[in-house]
Each structure stands twice: as structure tokens, then as C-alpha cells.
Amino acid sequence: WLLVLCVAPVVLLVLLALLWLVAWIALPPERVVPIVLAQIGESLNLEISAEGDPASHLGDSPTFVVRNVVAREPGAATPLLRVERVLVALPWSTLRSLGDALDLTRVELDAPVLDLPALQHWLATRPAGETRVPTLADGLHVRDGRIDGDGWRVEALDLSLPRLQPSQPLRATLRGRY
């Protein structure tokens, strides 16, 4: 009985965690996406919003698509990032770790606009510490991006990063028009 009394709470907690994970994954994307964006925004001290219908696919590699994403510092007039479409594909192991592992399969950004002064201002407010770099097994792809600087701009920005491993050399293809 002592063994049952000791093991039963652990089993119950594991079952509850699994039920929570299944419910989280089974929720429709229009309910999950605002919650996830709010959690990410809170952890980064950003207001992150999205408009349009999000989508998800839960096959071998869960994939989430979010449209019209805007990220800004709380109360700031200028967003530091706007993106027409964000696709994130990640392995099930990342979902099971609840974000402890930063392993992603693929990230795609369509028509992102990065405001460099707003980004620099936000980065200056970030606490010092170790930066965790994710892995990207199938890379990062940016299509038709733009970077707005102080009096300058890079347009038609395309970036192809086939793979990102923190301990490996970075290889990327980048082109744009200044």
C-alpha cells in the first residue's frame, strides 16, 4: 500500500499533464494562438497580436501558421516587427518539453518589416544574460522582407538559412535592395 500511495500521485500528475497537453493540442488554433502569443509576449516584454485565421497541422511535425503578426514594446507607437505570415514547424519533442527545448524544424516569414530603431530600443531594455539559440533542422526562410533604418531601408529582402545549429558555422543566402 505504501508503494501505491507513493506512486499514485505521480501517476495522477503525469496523466493530468498528458491530458492538459492533449487538450492544448486539440484546441482549435483560433483559441490557442492568442494564448501562445500572450505568453511569448509576456516573456519578452512585447505586445504581440495577430489577425486573420490561424491554422495548424498536427502530423509528423506540428505546423502552425499565423497571419498579420505585429510585435511592439508595450505602449510604443511603432512596432518593431510586422509579418504578413509566420509558419513554424517543430518536432513533437519540443511540444512535450513545453518550450524547454528550442528545437524547431522550420520557420518561414512572408513580408516581414523590421523597424531597426524600435528593435534596438527594445534590445537595450532586455536583461543581460545568456541567450538561448534555437536549432532549425529545415531552416529559416524570409520572403520579400524589409528593414527600416534611421533614414535608410533595405527592400526585397530574401533570406535562406538551410540549417541552424548553435555550434555549427552559419551558412545563409541573403539578398536585398538598399
# chains A, B, ... in the order shown; residues from 1 in each chain; ligands from 1
>>> residues_around(residues="A:Ser56", least_positions_apart="4", cutoff="8 Å", atoms="only C-alpha atoms", output="PDB file with N, CA and C atoms, in the first residue's frame")
ATOM      1  N   PRO A  29      -6.921  26.285 -33.436  1.00  0.00           N
ATOM      2  CA  PRO A  29      -5.840  27.273 -33.460  1.00  0.00           C
ATOM      3  C   PRO A  29      -6.310  28.680 -33.098  1.00  0.00           C
ATOM      4  N   PRO A  62       4.310  19.036 -36.085  1.00  0.00           N
ATOM      5  CA  PRO A  62       3.238  20.020 -35.908  1.00  0.00           C
ATOM      6  C   PRO A  62       3.633  21.363 -36.532  1.00  0.00           C
ATOM      7  N   THR A  63       2.702  21.933 -37.284  1.00  0.00           N
ATOM      8  CA  THR A  63       2.940  23.176 -38.003  1.00  0.00           C
ATOM      9  C   THR A  63       1.847  24.169 -37.663  1.00  0.00           C
ATOM     10  N   PHE A  64       2.253  25.404 -37.405  1.00  0.00           N
ATOM     11  CA  PHE A  64       1.315  26.471 -37.071  1.00  0.00           C
ATOM     12  C   PHE A  64       1.564  27.639 -38.013  1.00  0.00           C
ATOM     13  N   VAL A  65       0.475  28.236 -38.522  1.00  0.00           N
ATOM     14  CA  VAL A  65       0.564  29.395 -39.398  1.00  0.00           C
ATOM     15  C   VAL A  65      -0.250  30.514 -38.769  1.00  0.00           C
TER      16      VAL A  65
END
>>> closest_atom_pairs(of="stretch 31-134 of chain A", to="stretch 144-165 of chain A", cutoff="9 Å", atoms="only C-alpha atoms", output="Markdown table")
| residue | atom | partner | partner_atom | distance |
| --- | --- | --- | --- | --- |
| A:Val83 | CA | A:Gly145 | CA | 8.6 |
| A:Arg106 | CA | A:Arg163 | CA | 8.8 |
| A:Leu109 | CA | A:Gly145 | CA | 8.1 |
| A:Asp110 | CA | A:Asp144 | CA | 6.4 |
| A:Ala111 | CA | A:Gly145 | CA | 4.6 |
| A:Pro112 | CA | A:Gly145 | CA | 4.7 |
| A:Val113 | CA | A:Arg146 | CA | 4.7 |
| A:Leu114 | CA | A:Ile147 | CA | 4.8 |
| A:Asp115 | CA | A:Asp148 | CA | 4.9 |
| A:Leu116 | CA | A:Gly149 | CA | 5.2 |
| A:Pro117 | CA | A:Gly149 | CA | 6.4 |
| A:Val133 | CA | A:Gln165 | CA | 8.2 |
| A:Pro134 | CA | A:Gln165 | CA | 7.4 |
>>> closest_residue(among="A:Leu119, A:Ala50, A:Val107, A:Val70", to="A:His141", atoms="only C-alpha atoms")
A:Val107
